[in-house]
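Structure file input-v6.csv (CSV, C-alpha atoms) is printed below.
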```
chain,number,residue,atom,x,y,z
A,1265,ILE,CA,-2.2,8.7,-13.4
A,1266,THR,CA,-5.5,9.2,-11.7
A,1267,THR,CA,-5.7,7.1,-8.5
A,1268,GLU,CA,-8.6,6.6,-6.2
A,1269,LEU,CA,-7.6,5.8,-2.7
A,1270,ILE,CA,-9.9,4.0,-0.3
A,1271,LEU,CA,-9.6,4.0,3.4
A,1272,VAL,CA,-10.6,1.1,5.6
A,1273,SER,CA,-13.6,3.2,6.7
A,1274,GLY,CA,-14.7,3.2,3.0
A,1275,LYS,CA,-14.0,6.9,2.5
A,1276,THR,CA,-12.5,7.7,-1.0
A,1277,LYS,CA,-10.5,10.5,-2.6
A,1278,GLU,CA,-9.0,10.9,-6.1
A,1279,PHE,CA,-5.4,12.0,-6.5
A,1280,ILE,CA,-3.3,12.5,-9.6
A,1281,PHE,CA,0.2,11.1,-9.6
A,1282,SER,CA,3.1,10.7,-12.0
A,1283,PRO,CA,4.2,7.3,-13.2
A,1284,ASP,CA,7.6,8.2,-11.6
A,1285,ASP,CA,6.0,8.5,-8.1
A,1286,SER,CA,6.8,5.7,-5.7
A,1287,ALA,CA,4.5,4.3,-3.0
A,1288,ALA,CA,6.5,6.3,-0.5
A,1289,ASP,CA,6.1,9.5,-2.5
A,1290,ILE,CA,2.3,8.9,-2.7
A,1291,ALA,CA,2.1,8.2,1.1
A,1292,LYS,CA,4.0,11.5,1.8
A,1293,HIS,CA,1.8,13.5,-0.6
A,1294,VAL,CA,-1.4,12.1,0.9
A,1295,TYR,CA,-0.2,12.8,4.4
A,1296,ASP,CA,0.8,16.4,3.5
A,1297,ASN,CA,-2.5,16.9,1.7
A,1298,TRP,CA,-4.8,15.0,4.1
A,1299,PRO,CA,-8.4,15.5,2.9
A,1300,MET,CA,-10.6,17.4,5.3
A,1301,ASP,CA,-13.3,14.7,5.3
A,1302,TRP,CA,-10.7,12.1,6.4
A,1303,GLU,CA,-10.0,14.0,9.6
A,1304,GLU,CA,-11.1,11.0,11.8
A,1305,GLU,CA,-8.5,8.7,10.1
A,1306,GLN,CA,-5.6,11.1,10.4
A,1307,VAL,CA,-2.3,9.3,11.1
A,1308,SER,CA,0.8,10.5,13.0
A,1309,SER,CA,3.3,10.0,10.2
A,1310,PRO,CA,3.5,9.3,6.5
A,1311,SER,CA,5.8,6.4,7.2
A,1312,ILE,CA,3.0,4.2,8.4
A,1313,LEU,CA,0.8,4.7,5.3
A,1314,ARG,CA,0.7,1.7,3.1
A,1315,LEU,CA,-0.8,1.2,-0.4
A,1316,ILE,CA,-2.5,-2.0,-1.4
A,1317,TYR,CA,-2.9,-2.7,-5.1
A,1318,GLN,CA,-4.6,-5.8,-6.4
A,1319,GLY,CA,-4.3,-7.4,-2.9
A,1320,ARG,CA,-0.6,-6.7,-2.5
A,1321,PHE,CA,1.2,-4.2,-0.3
A,1322,LEU,CA,3.4,-1.9,-2.3
A,1323,HIS,CA,6.9,-1.4,-0.9
A,1324,GLY,CA,8.0,2.2,-0.7
A,1325,ASN,CA,10.3,2.2,-3.8
A,1326,VAL,CA,7.8,0.7,-6.2
A,1327,THR,CA,6.7,3.3,-8.8
A,1328,LEU,CA,3.3,3.6,-10.4
A,1329,GLY,CA,5.0,3.2,-13.8
A,1330,ALA,CA,6.4,-0.2,-12.7
A,1331,LEU,CA,2.9,-1.5,-12.0
A,1332,LYS,CA,2.0,-1.0,-15.7
A,1333,LEU,CA,-1.3,0.7,-14.8
A,1334,PRO,CA,-3.8,1.3,-17.6
A,1335,LEU,CA,-3.5,4.9,-18.9
A,1336,GLY,CA,-6.6,7.0,-19.0
A,1337,LYS,CA,-8.4,5.0,-16.4
A,1338,THR,CA,-8.7,5.5,-12.7
A,1339,THR,CA,-6.7,3.1,-10.7
A,1340,VAL,CA,-8.1,2.0,-7.3
A,1341,MET,CA,-5.8,1.4,-4.4
A,1342,HIS,CA,-6.4,0.9,-0.7
A,1343,LEU,CA,-4.6,3.1,1.9
A,1344,VAL,CA,-4.0,1.6,5.3
A,1345,ALA,CA,-2.0,2.6,8.4
A,1346,ARG,CA,0.4,-0.2,9.3
A,1347,GLU,CA,3.8,0.0,11.0
A,1348,THR,CA,5.4,-2.8,9.0
A,1349,LEU,CA,4.8,-4.7,5.8
A,1350,PRO,CA,4.4,-8.4,5.7
A,1351,GLU,CA,7.4,-10.3,4.5
A,1352,PRO,CA,7.2,-10.9,0.7
A,1353,ASN,CA,7.1,-14.7,1.2
A,1354,SER,CA,4.8,-14.8,4.2
A,1355,GLN,CA,2.2,-16.6,2.1
A,1356,GLY,CA,4.7,-19.3,1.2
A,1357,GLN,CA,5.6,-19.7,4.8
A,1358,ARG,CA,2.0,-20.4,5.7
A,1359,ASN,CA,1.8,-22.9,2.9
A,1360,ARG,CA,4.9,-24.7,4.2
A,1361,GLU,CA,3.4,-24.9,7.7
A,1362,LYS,CA,0.3,-26.6,6.3
A,1363,THR,CA,2.3,-29.2,4.5
A,1364,GLY,CA,4.6,-29.8,7.4
A,1365,GLU,CA,7.7,-28.8,5.5
A,1366,SER,CA,10.2,-26.7,7.4
A,1367,ASN,CA,13.3,-24.8,6.5
A,1368,CYS,CA,13.9,-23.6,10.1
A,1369,CYS,CA,17.4,-25.0,10.8
A,1370,VAL,CA,20.4,-26.3,9.0
A,1371,ILE,CA,22.6,-28.7,11.0
A,1372,LEU,CA,26.2,-28.9,9.8
```
Could you write out this file's structure as structure tokens?
Amino acid sequence: ITTELILVSGKTKEFIFSPDDSAADIAKHVYDNWPMDWEEEQVSSPSILRLIYQGRFLHGNVTLGALKLPLGKTTVMHLVARETLPEPNSQGQRNREKTGESNCCVIL
């Protein structure tokens, strides 16, 4: 699967991955094969590299095959350095805050 990765700086690079490759595999491969023209964006560890596909962070164990990417086409993903991923339901949490609902505490 041909994947074009875009950095926050706007720099891009194409890589070819297998459908069995996970987001963590991709981060490690990119870290180990860091492009020369990305030198200013070099990170200290592959563990902080995160992939974003269609506006969503990909967790480390998600494979490209699981995303059902179109074959024969280049897939574009963003690559960012971030220590932690947002919680999967963080959007829902914000929505609850706006409506005044809360599931903070249960009193028995």
List the neighbours of range 1317-1330 of chain A out to 9 Å using only C-alpha atoms; skip same-chain residues closer than 6 positions along the sequence, and give me the result as a VMD selection string. chain A and resid 1265 1281 to 1289 1291 1339 to 1342 1349 to 1350
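Between CA of Leu1313 in chain A and CA of Glu1278 in chain A lies a distance of 16.3 Å.
The space separating CA of Arg1314 in chain A from CA of Ala1345 in chain A comes to 6.0 Å.
Closest approach to Glu1305 in chain A among A:Gly1274, A:Glu1347, A:Thr1338, A:Leu1333: A:Gly1274, based on all atoms listed in the file.
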Which residue is closest to Lys1275 in chain A? Choose from A:Val1307, A:Met1300, A:Ile1316, A:Ile1290 and count all atoms listed in the file. A:Met1300
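Around Phe1279 in chain A, within 8 Å and counting only C-alpha atoms, the residues found are Thr1266, Thr1267, Glu1268 and Leu1269 of chain A, once anything fewer than 5 positions away on its own chain is removed.
Distance-wise, CA of Glu1304 in chain A and CA of Thr1348 in chain A end up 21.7 Å apart.
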